[in-house]
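This is input_32.cif. It holds mmCIF, C-alpha atoms.
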```cif
data_start
#
loop_
_atom_site.group_PDB
_atom_site.id
_atom_site.type_symbol
_atom_site.label_atom_id
_atom_site.label_comp_id
_atom_site.auth_asym_id
_atom_site.auth_seq_id
_atom_site.Cartn_x
_atom_site.Cartn_y
_atom_site.Cartn_z
ATOM 1 C CA MET A 1 25.342 -0.008 22.671
ATOM 2 C CA SER A 2 21.956 -0.058 20.947
ATOM 3 C CA ILE A 3 21.961 -0.735 17.206
ATOM 4 C CA PHE A 4 19.717 2.326 16.908
ATOM 5 C CA GLU A 5 22.338 4.751 18.221
ATOM 6 C CA VAL A 6 22.979 5.899 14.672
ATOM 7 C CA LYS A 7 25.594 8.367 13.505
ATOM 8 C CA ASP A 8 24.192 11.592 12.059
ATOM 9 C CA ASP A 9 20.714 9.966 11.961
ATOM 10 C CA LEU A 10 21.844 7.841 9.007
ATOM 11 C CA TYR A 11 20.033 4.503 8.814
ATOM 12 C CA LYS A 12 21.406 1.649 6.724
ATOM 13 C CA ILE A 13 18.616 -0.124 4.822
ATOM 14 C CA CYS A 14 19.070 -3.335 2.820
ATOM 15 C CA LEU A 15 16.633 -3.802 -0.062
ATOM 16 C CA VAL A 16 16.273 -7.501 -0.881
ATOM 17 C CA GLY A 17 14.299 -9.770 -3.210
ATOM 18 C CA ASP A 18 14.664 -11.719 -6.430
ATOM 19 C CA GLY A 19 16.073 -10.124 -9.553
ATOM 20 C CA GLY A 20 13.389 -8.460 -11.630
ATOM 21 C CA VAL A 21 10.916 -7.683 -8.833
ATOM 22 C CA GLY A 22 11.565 -3.951 -9.200
ATOM 23 C CA LYS A 23 13.972 -3.126 -6.372
ATOM 24 C CA THR A 24 16.054 -0.727 -8.454
ATOM 25 C CA ALA A 25 12.921 0.812 -9.945
ATOM 26 C CA ILE A 26 11.591 1.431 -6.419
ATOM 27 C CA VAL A 27 14.827 3.156 -5.422
ATOM 28 C CA GLU A 28 14.899 5.262 -8.578
ATOM 29 C CA ARG A 29 11.295 6.340 -8.032
ATOM 30 C CA PHE A 30 12.048 7.119 -4.377
ATOM 31 C CA LEU A 31 14.967 9.306 -5.464
ATOM 32 C CA GLY A 32 12.671 11.216 -7.805
ATOM 33 C CA LYS A 33 14.216 9.872 -11.016
ATOM 34 C CA GLY A 34 10.991 8.530 -12.455
ATOM 35 C CA PHE A 35 10.479 5.116 -14.039
ATOM 36 C CA ALA A 36 12.289 3.380 -16.903
ATOM 37 C CA SER A 37 11.039 0.323 -18.779
ATOM 38 C CA THR A 38 14.416 -1.422 -18.403
ATOM 39 C CA TYR A 39 17.164 -1.340 -15.780
ATOM 40 C CA ASN A 40 20.718 -2.628 -15.767
ATOM 41 C CA LEU A 41 21.445 -5.734 -13.710
ATOM 42 C CA THR A 42 22.608 -4.877 -10.202
ATOM 43 C CA ILE A 43 26.014 -6.440 -9.565
ATOM 44 C CA GLY A 44 26.745 -6.884 -5.864
ATOM 45 C CA THR A 45 24.974 -3.811 -4.559
ATOM 46 C CA ASN A 46 24.094 -0.221 -5.454
ATOM 47 C CA ILE A 47 24.232 2.307 -2.632
ATOM 48 C CA CYS A 48 22.479 5.659 -2.388
ATOM 49 C CA THR A 49 21.317 8.070 0.310
ATOM 50 C CA HIS A 50 18.079 9.977 0.572
ATOM 51 C CA THR A 51 16.452 12.010 3.345
ATOM 52 C CA VAL A 52 12.741 12.134 4.083
ATOM 53 C CA ASP A 53 10.690 14.185 6.497
ATOM 54 C CA VAL A 54 8.753 11.888 8.800
ATOM 55 C CA ASP A 55 6.224 14.009 10.644
ATOM 56 C CA GLY A 56 8.727 16.761 11.301
ATOM 57 C CA THR A 57 11.774 14.539 11.846
ATOM 58 C CA LYS A 58 14.498 14.220 9.210
ATOM 59 C CA VAL A 59 15.301 10.573 8.556
ATOM 60 C CA LYS A 60 18.284 9.838 6.318
ATOM 61 C CA PHE A 61 18.357 6.470 4.571
ATOM 62 C CA GLN A 62 21.463 4.801 3.205
ATOM 63 C CA ILE A 63 19.887 2.256 0.863
ATOM 64 C CA TRP A 64 21.784 -0.858 -0.194
ATOM 65 C CA ASP A 65 20.023 -2.335 -3.230
ATOM 66 C CA LEU A 66 21.296 -5.915 -3.153
ATOM 67 C CA ALA A 67 21.655 -8.010 -6.302
ATOM 68 C CA GLY A 68 18.903 -10.609 -6.425
ATOM 69 C CA GLN A 69 20.476 -13.292 -8.594
ATOM 70 C CA GLN A 70 21.603 -16.442 -6.796
ATOM 71 C CA ARG A 71 25.139 -16.174 -8.161
ATOM 72 C CA PHE A 72 25.679 -13.056 -6.036
ATOM 73 C CA GLU A 73 24.693 -14.808 -2.802
ATOM 74 C CA PHE A 74 28.320 -15.348 -1.755
ATOM 75 C CA VAL A 75 29.038 -11.594 -1.714
ATOM 76 C CA ARG A 76 25.776 -10.454 -0.138
ATOM 77 C CA SER A 77 26.571 -11.702 3.377
ATOM 78 C CA MET A 78 28.984 -8.836 4.044
ATOM 79 C CA PHE A 79 26.440 -6.226 2.957
ATOM 80 C CA TYR A 80 23.980 -6.961 5.771
ATOM 81 C CA ARG A 81 26.438 -5.938 8.457
ATOM 82 C CA GLY A 82 25.248 -2.924 10.443
ATOM 83 C CA SER A 83 21.772 -2.806 8.898
ATOM 84 C CA HIS A 84 19.091 -0.908 10.793
ATOM 85 C CA ALA A 85 16.161 -2.199 8.712
ATOM 86 C CA ILE A 86 15.284 -4.429 5.768
ATOM 87 C CA VAL A 87 12.912 -3.854 2.858
ATOM 88 C CA MET A 88 11.765 -7.115 1.246
ATOM 89 C CA VAL A 89 10.242 -6.895 -2.240
ATOM 90 C CA PHE A 90 8.210 -9.365 -4.288
ATOM 91 C CA ASP A 91 6.425 -9.099 -7.627
ATOM 92 C CA VAL A 92 2.644 -9.562 -7.253
ATOM 93 C CA THR A 93 2.531 -11.131 -10.731
ATOM 94 C CA ASN A 94 5.199 -13.733 -9.901
ATOM 95 C CA PRO A 95 4.345 -16.260 -7.148
ATOM 96 C CA ASN A 96 7.923 -17.565 -7.077
ATOM 97 C CA SER A 97 9.185 -14.154 -6.029
ATOM 98 C CA LEU A 98 7.099 -14.402 -2.856
ATOM 99 C CA SER A 99 7.956 -18.022 -2.063
ATOM 100 C CA ASN A 100 11.640 -17.218 -2.572
ATOM 101 C CA LEU A 101 11.438 -14.598 0.173
ATOM 102 C CA HIS A 102 11.533 -17.499 2.636
ATOM 103 C CA GLU A 103 15.140 -18.068 1.524
ATOM 104 C CA TRP A 104 15.844 -14.357 1.710
ATOM 105 C CA LYS A 105 14.454 -14.328 5.247
ATOM 106 C CA ASN A 106 16.794 -17.167 6.209
ATOM 107 C CA GLU A 107 19.730 -15.365 4.609
ATOM 108 C CA ILE A 108 18.920 -12.223 6.594
ATOM 109 C CA LEU A 109 18.694 -14.132 9.875
ATOM 110 C CA GLN A 110 21.968 -15.935 9.174
ATOM 111 C CA ASN A 111 23.844 -12.724 8.478
ATOM 112 C CA LEU A 112 22.506 -10.493 11.243
ATOM 113 C CA ASP A 113 23.432 -11.041 14.850
ATOM 114 C CA HIS A 114 20.643 -11.684 17.342
ATOM 115 C CA ARG A 115 20.403 -8.026 18.380
ATOM 116 C CA HIS A 116 19.139 -7.264 14.890
ATOM 117 C CA HIS A 117 16.326 -9.812 14.860
ATOM 118 C CA ALA A 118 13.854 -7.170 16.006
ATOM 119 C CA ILE A 119 14.835 -4.577 13.417
ATOM 120 C CA PRO A 120 12.063 -3.109 11.245
ATOM 121 C CA ILE A 121 11.054 -5.154 8.220
ATOM 122 C CA VAL A 122 8.888 -3.647 5.471
ATOM 123 C CA LEU A 123 7.390 -6.057 2.939
ATOM 124 C CA LEU A 124 6.433 -4.575 -0.444
ATOM 125 C CA GLY A 125 4.203 -6.234 -3.044
ATOM 126 C CA ASN A 126 5.473 -4.411 -6.131
ATOM 127 C CA LYS A 127 4.033 -4.061 -9.679
ATOM 128 C CA SER A 128 0.558 -3.630 -8.210
ATOM 129 C CA ASP A 129 -0.418 -1.477 -11.186
ATOM 130 C CA LEU A 130 -0.676 -4.723 -13.218
ATOM 131 C CA GLN A 131 -4.142 -5.496 -11.892
ATOM 132 C CA GLN A 132 -5.008 -7.905 -14.676
ATOM 133 C CA LYS A 133 -1.910 -10.022 -13.972
ATOM 134 C CA LEU A 134 -2.197 -10.436 -10.197
ATOM 135 C CA LEU A 135 -1.322 -14.082 -9.577
ATOM 136 C CA ILE A 136 -0.347 -14.387 -5.914
ATOM 137 C CA ASP A 137 -2.855 -15.923 -3.545
ATOM 138 C CA GLN A 138 -3.709 -13.558 -0.699
ATOM 139 C CA ASP A 139 -3.382 -16.393 1.807
ATOM 140 C CA ALA A 140 0.237 -16.856 0.742
ATOM 141 C CA ILE A 141 0.940 -13.176 1.416
ATOM 142 C CA SER A 142 -0.852 -13.345 4.758
ATOM 143 C CA ASN A 143 1.070 -16.444 5.813
ATOM 144 C CA PHE A 144 4.403 -14.847 4.971
ATOM 145 C CA LYS A 145 3.433 -11.679 6.835
ATOM 146 C CA ASP A 146 2.709 -13.869 9.868
ATOM 147 C CA GLU A 147 6.169 -15.424 9.546
ATOM 148 C CA LEU A 148 7.794 -12.003 9.530
ATOM 149 C CA GLN A 149 5.803 -10.966 12.576
ATOM 150 C CA MET A 150 7.045 -13.999 14.462
ATOM 151 C CA GLU A 151 10.690 -13.640 13.405
ATOM 152 C CA PHE A 152 11.073 -9.863 13.614
ATOM 153 C CA HIS A 153 8.359 -8.927 16.147
ATOM 154 C CA ALA A 154 4.870 -7.778 15.218
ATOM 155 C CA ASP A 155 5.434 -4.110 16.061
ATOM 156 C CA SER A 156 8.508 -3.984 13.797
ATOM 157 C CA THR A 157 6.867 -5.139 10.568
ATOM 158 C CA ALA A 158 4.766 -3.502 7.876
ATOM 159 C CA PHE A 159 3.279 -4.482 4.516
ATOM 160 C CA MET A 160 2.271 -2.316 1.568
ATOM 161 C CA TYR A 161 1.392 -2.784 -2.091
ATOM 162 C CA THR A 162 3.529 -0.583 -4.352
ATOM 163 C CA SER A 163 4.023 0.327 -7.975
ATOM 164 C CA ALA A 164 7.343 1.775 -9.086
ATOM 165 C CA ARG A 165 5.744 2.510 -12.451
ATOM 166 C CA SER A 166 2.945 4.703 -11.094
ATOM 167 C CA GLY A 167 4.703 5.716 -7.886
ATOM 168 C CA MET A 168 1.917 4.268 -5.744
ATOM 169 C CA ASN A 169 2.971 4.012 -2.083
ATOM 170 C CA ILE A 170 6.688 4.388 -2.797
ATOM 171 C CA GLU A 171 7.144 7.512 -0.671
ATOM 172 C CA GLU A 172 4.594 6.217 1.823
ATOM 173 C CA SER A 173 6.409 2.918 2.327
ATOM 174 C CA PHE A 174 9.635 4.707 3.245
ATOM 175 C CA GLU A 175 7.734 7.039 5.550
ATOM 176 C CA VAL A 176 6.317 3.988 7.323
ATOM 177 C CA LEU A 177 9.841 2.564 7.525
ATOM 178 C CA GLY A 178 11.034 5.841 9.020
ATOM 179 C CA LEU A 179 8.298 5.687 11.641
ATOM 180 C CA LEU A 180 9.259 2.156 12.611
ATOM 181 C CA LEU A 181 12.900 3.250 12.958
ATOM 182 C CA LEU A 182 11.925 6.235 15.092
ATOM 183 C CA LYS A 183 9.810 3.973 17.240
ATOM 184 C CA LYS A 184 12.769 1.658 17.829
ATOM 185 C CA LYS A 185 15.052 4.566 18.630
ATOM 186 C CA ASN A 186 12.662 6.338 20.980
ATOM 187 C CA PRO A 187 9.303 4.622 21.642
ATOM 188 C CA GLN A 188 7.815 7.481 23.644
ATOM 189 C CA SER A 189 8.747 10.061 21.014
ATOM 190 C CA TYR A 190 7.252 7.809 18.344
ATOM 191 C CA ILE A 191 3.927 7.705 20.175
ATOM 192 C CA ASP A 192 3.871 11.485 20.512
ATOM 193 C CA LYS A 193 4.841 12.152 16.900
ATOM 194 C CA THR A 194 2.497 9.664 15.278
ATOM 195 C CA SER A 195 -0.690 10.234 17.227
ATOM 196 C CA GLY A 196 -2.096 12.260 14.334
ATOM 197 C CA LYS A 197 -1.042 11.785 10.746
ATOM 198 C CA PHE A 198 0.382 8.255 10.956
ATOM 199 C CA LYS A 199 -0.967 5.327 12.905
ATOM 200 C CA ILE A 200 0.887 2.040 12.570
ATOM 201 C CA PRO A 201 -1.061 -0.792 14.220
ATOM 202 C CA THR A 202 0.616 -3.654 16.043
ATOM 203 C CA ASN A 203 -0.353 -5.937 13.161
ATOM 204 C CA LEU A 204 0.908 -5.475 9.605
ATOM 205 C CA HIS A 205 -0.016 -2.226 7.892
ATOM 206 C CA SER A 206 -1.623 -3.098 4.547
ATOM 207 C CA ILE A 207 -2.708 -0.786 1.747
ATOM 208 C CA GLY A 208 -4.301 -2.505 -1.219
ATOM 209 C CA PRO A 209 -3.489 -1.823 -4.858
ATOM 210 C CA SER A 210 -5.230 1.051 -6.546
ATOM 211 C CA ASN A 211 -7.500 0.738 -9.569
ATOM 212 C CA ALA A 212 -5.178 2.823 -11.712
#
```
Rewrite the coordinates I just gave you, this time as structure tokens.
Amino acid sequence: MSIFEVKDDLYKICLVGDGGVGKTAIVERFLGKGFASTYNLTIGTNICTHTVDVDGTKVKFQIWDLAGQQRFEFVRSMFYRGSHAIVMVFDVTNPNSLSNLHEWKNEILQNLDHRHHAIPIVLLGNKSDLQQKLLIDQDAISNFKDELQMEFHADSTAFMYTSARSGMNIEESFEVLGLLLLKKKNPQSYIDKTSGKFKIPTNLHSIGPSNA
């Protein structure tokens, strides 16, 4: 059975990355709850569902916002089971949050069986509204994107800059994720549906930070 034979078109998505990169803020913004200056520490995982319209197709996400602190690593392994896609988040003002995604990548690969190694992966560079504090070298981002392409297949990966504070590219990033899921489920249908509004190239899809 294909991992993309989903029940009721419900796709399980794991949101991963270090604590403090804005994972919960991204989810809250995606759910339409706005932005708060502080968020409670995620313990284990928070789970929510949300449906988006992807070019006429309803895509329902079940989002597992995984705790980023190292002390929760021992409980995270069980949460990856049955995932259809992964969203990896780093903070563009914190270089360590990007370098630590190498460990997150290894954790993902260790906890997903080999059938899942071609599942969609969306990489988000969050807090892109903080233009004056951008610290991450673009080569480092590019190199990590290349790693993801090799591990999870080039046509299954995407990259976008986001801002949970301003809402920049939050909806768009989940729409792109939905397109990648639809492509995996039915490649021919994906081609037909995305010939107009959305075009996801075989390389990583990158949208730079705004000037806002």
Margin query: Running the PyMOL selection byres ((chain A and resi 85-87) around 9) on this model by hand, what would come out? Give it as a PyMOL selection string.
Written below: chain A and resi 11-17+83-84+88-89+108+116+119-124+177+181
Selection above as a file: C-alpha atoms, as a compact mmCIF listing (two decimals), in the coordinates of the input:
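Result file again01.txt:
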```txt
# COMPACT_ATOMS: atom_id res chain seq x y z
CA TYR A 11 20.03 4.50 8.81
CA LYS A 12 21.41 1.65 6.72
CA ILE A 13 18.62 -0.12 4.82
CA CYS A 14 19.07 -3.34 2.82
CA LEU A 15 16.63 -3.80 -0.06
CA VAL A 16 16.27 -7.50 -0.88
CA GLY A 17 14.30 -9.77 -3.21
CA SER A 83 21.77 -2.81 8.90
CA HIS A 84 19.09 -0.91 10.79
CA MET A 88 11.76 -7.12 1.25
CA VAL A 89 10.24 -6.90 -2.24
CA ILE A 108 18.92 -12.22 6.59
CA HIS A 116 19.14 -7.26 14.89
CA ILE A 119 14.84 -4.58 13.42
CA PRO A 120 12.06 -3.11 11.24
CA ILE A 121 11.05 -5.15 8.22
CA VAL A 122 8.89 -3.65 5.47
CA LEU A 123 7.39 -6.06 2.94
CA LEU A 124 6.43 -4.58 -0.44
CA LEU A 177 9.84 2.56 7.52
CA LEU A 181 12.90 3.25 12.96
```
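Distance-wise, CA of Ser142 (chain A) and CA of Arg165 (chain A) end up 24.3 Å apart.
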Check: When distances are computed from all atoms listed in the file, which of A:Leu135, A:Leu31, A:Ala67, A:Ile26 shows the smallest separation from Ala164 (chain A)?
Finding: A:Ile26
Note to self: Under the PyMOL selection byres ((chain A and resi 91-102) around 8), which residues of this model are included? Write them out as a ChimeraX atom specification.
What the structure shows: /A:17-18,21-22,88-90,103-106,125-128,130,133-136,141,144
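From CA of Asn46 (chain A) back to CA of Lys184 (chain A), the distance works out to 26.0 Å.
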Next item on the list: Quick one: pull the distance between CA of Thr24 (chain A) and CA of Leu66 (chain A), Å, one decimal.
Entry: 9.1 Å
Box dimensions and centre (Å, one decimal) enclosing region 122-133 of chain A, axis-aligned, 4 Å extra per side, as lines of an AutoDock Vina configuration file:
```
center_x = 1.9
center_y = -5.7
center_z = -4.6
size_x = 21.9
size_y = 16.5
size_z = 28.1
```
Checklist line | Residues matched by the PyMOL selection byres ((chain A and resi 172) around 12) as an MDAnalysis selection string | finding: chainID A and resid 26 29:30 52:55 122 124 158:163 167:171 173:179 197:198 205:207
Using C-alpha atoms, can you write the selected residues to a file as a JSON list (two decimals), in the coordinates of the input?
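Printed below is again.json as written:
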```json
[["chain", "number", "residue", "atom", "x", "y", "z"],
["A", 26, "ILE", "CA", 11.59, 1.43, -6.42],
["A", 29, "ARG", "CA", 11.30, 6.34, -8.03],
["A", 30, "PHE", "CA", 12.05, 7.12, -4.38],
["A", 52, "VAL", "CA", 12.74, 12.13, 4.08],
["A", 53, "ASP", "CA", 10.69, 14.18, 6.50],
["A", 54, "VAL", "CA", 8.75, 11.89, 8.80],
["A", 55, "ASP", "CA", 6.22, 14.01, 10.64],
["A", 122, "VAL", "CA", 8.89, -3.65, 5.47],
["A", 124, "LEU", "CA", 6.43, -4.58, -0.44],
["A", 158, "ALA", "CA", 4.77, -3.50, 7.88],
["A", 159, "PHE", "CA", 3.28, -4.48, 4.52],
["A", 160, "MET", "CA", 2.27, -2.32, 1.57],
["A", 161, "TYR", "CA", 1.39, -2.78, -2.09],
["A", 162, "THR", "CA", 3.53, -0.58, -4.35],
["A", 163, "SER", "CA", 4.02, 0.33, -7.98],
["A", 167, "GLY", "CA", 4.70, 5.72, -7.89],
["A", 168, "MET", "CA", 1.92, 4.27, -5.74],
["A", 169, "ASN", "CA", 2.97, 4.01, -2.08],
["A", 170, "ILE", "CA", 6.69, 4.39, -2.80],
["A", 171, "GLU", "CA", 7.14, 7.51, -0.67],
["A", 173, "SER", "CA", 6.41, 2.92, 2.33],
["A", 174, "PHE", "CA", 9.64, 4.71, 3.24],
["A", 175, "GLU", "CA", 7.73, 7.04, 5.55],
["A", 176, "VAL", "CA", 6.32, 3.99, 7.32],
["A", 177, "LEU", "CA", 9.84, 2.56, 7.52],
["A", 178, "GLY", "CA", 11.03, 5.84, 9.02],
["A", 179, "LEU", "CA", 8.30, 5.69, 11.64],
["A", 197, "LYS", "CA", -1.04, 11.78, 10.75],
["A", 198, "PHE", "CA", 0.38, 8.26, 10.96],
["A", 205, "HIS", "CA", -0.02, -2.23, 7.89],
["A", 206, "SER", "CA", -1.62, -3.10, 4.55],
["A", 207, "ILE", "CA", -2.71, -0.79, 1.75]]
```
Check: Nearest to Met78 (chain A): which of A:Thr57, A:Ser166, A:Asn111, A:Thr51 is it, counting all atoms listed in the file?
Finding: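 Ranked by minimum distance to Met78 (chain A), first place goes to A:Asn111.
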Next item on the list: Please work out which residues fall within 10 Å of (22.6, 10.3, 8.8), coordinates as given in the file, with all atoms listed in the file counting, and return them as a PyMOL selection string.
Entry: chain A and resi 6-12+49-51+58-62
